[in-house]
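Chemist: Handing you a structure now.
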Amino acid sequence: MTITNEISNRQLEIIEVSGKILIEKGIKGLTTKTVASEMNFSESAIYRHFKSKEEILIALLSLLKQNMNKRLTSEIKPQNTAAENFKAVFTSQFNYFKKNPHFVVAVLSDGLLDESKEIKTIILQLMQNKMQLLGQILEQGKQTNEFNTEISTEDLLPIILGSFRFQMLKWKLSNFQYDITTEGNKTINNLLALIQK
């Protein structure tokens with residue numbers, strides 16, 4: 001199932017309830033039966049909108065991908081320094097995930113990549129889009145002499161994205177008990193301290 005901008009209100013409601021279930025019960029606890037029960041529907045009512053749990057997950061991840069691409073692209077301003085763009089992108093991510101922790105659960109769930117080829121493709125696209133965007137910021141910083149040029153952009157990307165992912169995983173494992181924006185800002189500033197000249 002490919003998600004377009006044409007998603008019904010009912011489908012969006014099902015996706016939001018699925019997100020709540022992901023937070024409470026994890027990927028294994030998300031079934032069409034648990035979604036139907038949470039919404040006080042029959043399971044067949046869910047099947048009118050999504051054929052399976054996989055389709056719900058694909059819709060959820062596709063929404064994240066659409067949102068992330070649009071939101072992060074709008075954060076990058078040509079008049080800003082590379083450091084300002086770097087901060088803006090990561091601050092946007094931390095703020096977004098603070099409001100929508102179910103996306104963190106979905107992306108970091110063990111076994112999600114094994115659910116289907118289509119889910120794996122969407123997660124790979126999410127990663128590639130973020131790498132491309134971050135790569136542009138790093139190159140901007142190198143060209144304007146803001147960022148260190150000793151480490152290639154290709155080698156910096158996994159370090160930076162790994163730090164972001166680790167912060168998200170730590171937050172998830174704490175059951176979202178601390179303020180991710182505060183901790184996220186520390187991570188942003190520490191990463192900038194490592195890459196700035």
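Identifiers in the structure tokens: chain A, B, ... in order shown; residue index from 1 per chain; ligand index from 1 in order shown.
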Would you mind listing, for every residue of region 79-163 of chain A within 10 Å of region 186-189 of chain A, the two atoms forming the shortest contact and the distance between them in Å to one decimal, using only C-alpha atoms, sorted by chain and ascending residue number, as a tab-separated table?
Modeler:
```
residue	atom	partner	partner_atom	distance
A:Ala83	CA	A:Asn189	CA	9.6
A:Phe86	CA	A:Ile188	CA	8.1
A:Lys87	CA	A:Ile188	CA	6.5
A:Ala88	CA	A:Ile188	CA	9.8
A:Val89	CA	A:Ile188	CA	9.9
A:Phe90	CA	A:Ile188	CA	7.0
A:Thr91	CA	A:Ile188	CA	8.1
A:Ile160	CA	A:Ile188	CA	9.1
A:Ser163	CA	A:Thr187	CA	7.4
```
Chemist: Might you pull out every residue within 12 Å of Leu72 (chain A), with only C-alpha atoms counted and same-chain residues fewer than 4 positions away left off, and present them as an MDAnalysis selection string?
Modeler: chainID A and resid 64:68 76:77 85:96 126 129:134 137
Chemist: Using N, CA and C atoms, can you write the selected residues to a file as a short mmCIF file (atom, residue, chain, number, x, y, z; two decimals), in the first residue's frame?
Modeler:
```
data_model
loop_
_atom_site.label_atom_id
_atom_site.label_comp_id
_atom_site.auth_asym_id
_atom_site.auth_seq_id
_atom_site.Cartn_x
_atom_site.Cartn_y
_atom_site.Cartn_z
N LEU A 64 5.17 9.70 8.48
CA LEU A 64 6.40 10.23 9.07
C LEU A 64 7.34 10.72 7.99
N LYS A 65 7.49 9.94 6.94
CA LYS A 65 8.40 10.31 5.84
C LYS A 65 7.95 11.61 5.17
N GLN A 66 6.66 11.70 4.86
CA GLN A 66 6.14 12.92 4.23
C GLN A 66 6.35 14.13 5.13
N ASN A 67 6.02 13.96 6.40
CA ASN A 67 6.15 15.06 7.35
C ASN A 67 7.60 15.48 7.50
N MET A 68 8.48 14.50 7.66
CA MET A 68 9.89 14.79 7.90
C MET A 68 10.51 15.51 6.71
N ILE A 76 15.81 24.46 6.72
CA ILE A 76 17.10 24.90 6.17
C ILE A 76 16.91 26.21 5.42
N LYS A 77 17.60 27.22 5.87
CA LYS A 77 17.51 28.55 5.26
C LYS A 77 18.88 28.92 4.68
N ASN A 85 21.56 25.95 10.69
CA ASN A 85 20.75 24.95 9.98
C ASN A 85 20.82 23.60 10.68
N PHE A 86 22.01 23.21 11.14
CA PHE A 86 22.21 21.96 11.86
C PHE A 86 21.32 21.94 13.10
N LYS A 87 21.38 23.01 13.88
CA LYS A 87 20.55 23.11 15.10
C LYS A 87 19.07 23.08 14.76
N ALA A 88 18.68 23.81 13.73
CA ALA A 88 17.26 23.89 13.36
C ALA A 88 16.70 22.52 12.99
N VAL A 89 17.46 21.76 12.21
CA VAL A 89 17.00 20.44 11.77
C VAL A 89 16.84 19.50 12.97
N PHE A 90 17.85 19.43 13.82
CA PHE A 90 17.78 18.51 14.95
C PHE A 90 16.80 18.98 16.01
N THR A 91 16.69 20.27 16.23
CA THR A 91 15.70 20.79 17.18
C THR A 91 14.30 20.44 16.70
N SER A 92 14.06 20.59 15.40
CA SER A 92 12.77 20.23 14.82
C SER A 92 12.46 18.75 15.05
N GLN A 93 13.47 17.90 14.86
CA GLN A 93 13.27 16.47 15.07
C GLN A 93 12.93 16.16 16.53
N PHE A 94 13.72 16.70 17.44
CA PHE A 94 13.46 16.43 18.86
C PHE A 94 12.08 16.95 19.29
N ASN A 95 11.70 18.14 18.83
CA ASN A 95 10.38 18.69 19.17
C ASN A 95 9.26 17.84 18.59
N TYR A 96 9.44 17.39 17.35
CA TYR A 96 8.42 16.58 16.69
C TYR A 96 8.23 15.24 17.42
N LEU A 126 13.64 6.93 4.67
CA LEU A 126 13.72 7.90 5.78
C LEU A 126 15.19 8.20 6.10
N ASN A 129 16.95 10.09 3.15
CA ASN A 129 16.53 11.50 3.09
C ASN A 129 17.23 12.32 4.16
N LYS A 130 17.31 11.76 5.36
CA LYS A 130 17.96 12.48 6.45
C LYS A 130 19.46 12.62 6.18
N MET A 131 20.08 11.57 5.65
CA MET A 131 21.51 11.62 5.32
C MET A 131 21.78 12.67 4.25
N GLN A 132 20.93 12.74 3.25
CA GLN A 132 21.11 13.71 2.17
C GLN A 132 21.00 15.15 2.71
N LEU A 133 20.00 15.38 3.52
CA LEU A 133 19.78 16.71 4.10
C LEU A 133 20.94 17.11 5.00
N LEU A 134 21.34 16.20 5.88
CA LEU A 134 22.44 16.48 6.79
C LEU A 134 23.75 16.64 6.02
N ILE A 137 24.07 20.13 4.77
CA ILE A 137 24.44 21.07 5.84
C ILE A 137 25.93 20.95 6.16
#
```
Chemist: Which is closer to Phe166 (chain A) than all the others in A:Gln143, A:Leu138, A:Ser116, A:Leu108, using only C-alpha atoms?
Modeler: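 Nearest to Phe166 (chain A): A:Leu108.
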Chemist: Just want the 7 Å neighbourhood of Glu146 (chain A), counted on only C-alpha atoms, with same-chain residues fewer than 5 positions away dropped. Output as a ChimeraX atom specification.
Modeler: /A:141,196-197
Chemist: Print the selection's residues with C-alpha atoms to a file, as a JSON list (two decimals), in the first residue's frame.
Modeler:
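This went into part.json:
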```json
[["chain", "number", "residue", "atom", "x", "y", "z"],
["A", 141, "GLY", "CA", 29.74, 24.21, 6.82],
["A", 196, "GLN", "CA", 33.12, 23.12, 14.29],
["A", 197, "LYS", "CA", 36.51, 24.75, 13.73]]
```
Chemist: When you look at Ser52 (chain A) with a cut-off of 7 Å (counting only C-alpha atoms), what residues show up, excluding the ones that are within fewer than 3 positions of it in the same chain? I need them as JSON, numbers by chain.
Modeler: {"A": [32, 55, 56]}
Chemist: Restricted to N, CA and C atoms, what would the selected residues look like written as a PDB file, in the first residue's frame?
Modeler:
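New file out_14.pdb:
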```
ATOM      1  N   THR A  32      -4.573  -5.848  14.450  1.00  0.00           N
ATOM      2  CA  THR A  32      -5.847  -5.247  14.046  1.00  0.00           C
ATOM      3  C   THR A  32      -6.891  -5.448  15.151  1.00  0.00           C
ATOM      4  N   GLU A  55      -0.158  -2.890   6.700  1.00  0.00           N
ATOM      5  CA  GLU A  55      -0.646  -1.680   6.016  1.00  0.00           C
ATOM      6  C   GLU A  55      -0.747  -0.493   6.973  1.00  0.00           C
ATOM      7  N   ILE A  56      -1.121  -0.753   8.213  1.00  0.00           N
ATOM      8  CA  ILE A  56      -1.183   0.329   9.205  1.00  0.00           C
ATOM      9  C   ILE A  56       0.220   0.878   9.444  1.00  0.00           C
TER      10      ILE A  56
END
```
Chemist: Using only C-alpha atoms, which of the listed residues (A:Glu118, A:Glu16, A:Glu183, A:Glu6) sits closest to Pro101 (chain A)?
Modeler: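 For Pro101 (chain A), the nearest of the given residues is A:Glu16.
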Chemist: Show which residues sit within 10 Å of Glu139 (chain A), as a list in words. Count only C-alpha atoms, and ignore same-chain residues fewer than 5 positions away.
Modeler: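 Using only C-alpha atoms, the neighbours found are Ala82, Leu134, Thr144, Asn145, Glu146, Phe147, Thr149, Ser152 and Thr153 of chain A.
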Chemist: Please report the interatomic distance between CA of Ile21 (chain A) and CA of Gly184 (chain A) in Å with one decimal.
Modeler: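 If I compute the distance from CA of Ile21 (chain A) to CA of Gly184 (chain A), I get 24.9 Å.
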Chemist: Rounded to one decimal, what separation in Å do you get between CA of Lys142 (chain A) and CA of Thr73 (chain A)?
Modeler: 19.5 Å
Chemist: Report the residues of chain A whose backbone DSSP state falls under alpha helix (DSSP H), written as a PyMOL selection string.
Modeler: chain A and resi 9-29+32-39+43-47+53-75+82-99+101-108+117-143+153-173+180-195
Chemist: Would you kindly return, as number ranges by chain, each protein, DNA or RNA residue with an atom no farther than 9 Å from any atom of Lys33 (chain A), considering only C-alpha atoms and excluding same-chain residues fewer than 6 positions away?
Modeler: A: 42-43, 46
Chemist: Save out the residues we just selected, N, CA and C atoms, as a PDB file, in the first residue's frame.
Modeler:
```pdb
ATOM      1  N   SER A  42     -15.540  -3.276  15.504  1.00  0.00           N
ATOM      2  CA  SER A  42     -15.302  -4.679  15.185  1.00  0.00           C
ATOM      3  C   SER A  42     -14.017  -4.729  14.358  1.00  0.00           C
ATOM      4  N   GLU A  43     -13.376  -5.868  14.374  1.00  0.00           N
ATOM      5  CA  GLU A  43     -12.139  -6.003  13.594  1.00  0.00           C
ATOM      6  C   GLU A  43     -12.416  -5.801  12.104  1.00  0.00           C
ATOM      7  N   ILE A  46     -12.008  -2.274  10.888  1.00  0.00           N
ATOM      8  CA  ILE A  46     -10.618  -1.875  10.624  1.00  0.00           C
ATOM      9  C   ILE A  46     -10.226  -2.320   9.221  1.00  0.00           C
TER      10      ILE A  46
END
```
Chemist: If you measure from CA of Asn148 (chain A) to CA of Ile195 (chain A), what distance in Å do you get, rounded to one decimal?
Modeler: 5.5 Å
Chemist: With distances taken over only C-alpha atoms, which of A:Gln136, A:Gln167, A:Asn185, A:Asn9 is nearest to Glu154 (chain A)?
Modeler: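 Using only C-alpha atoms, the shortest distance to Glu154 (chain A) belongs to A:Gln136.
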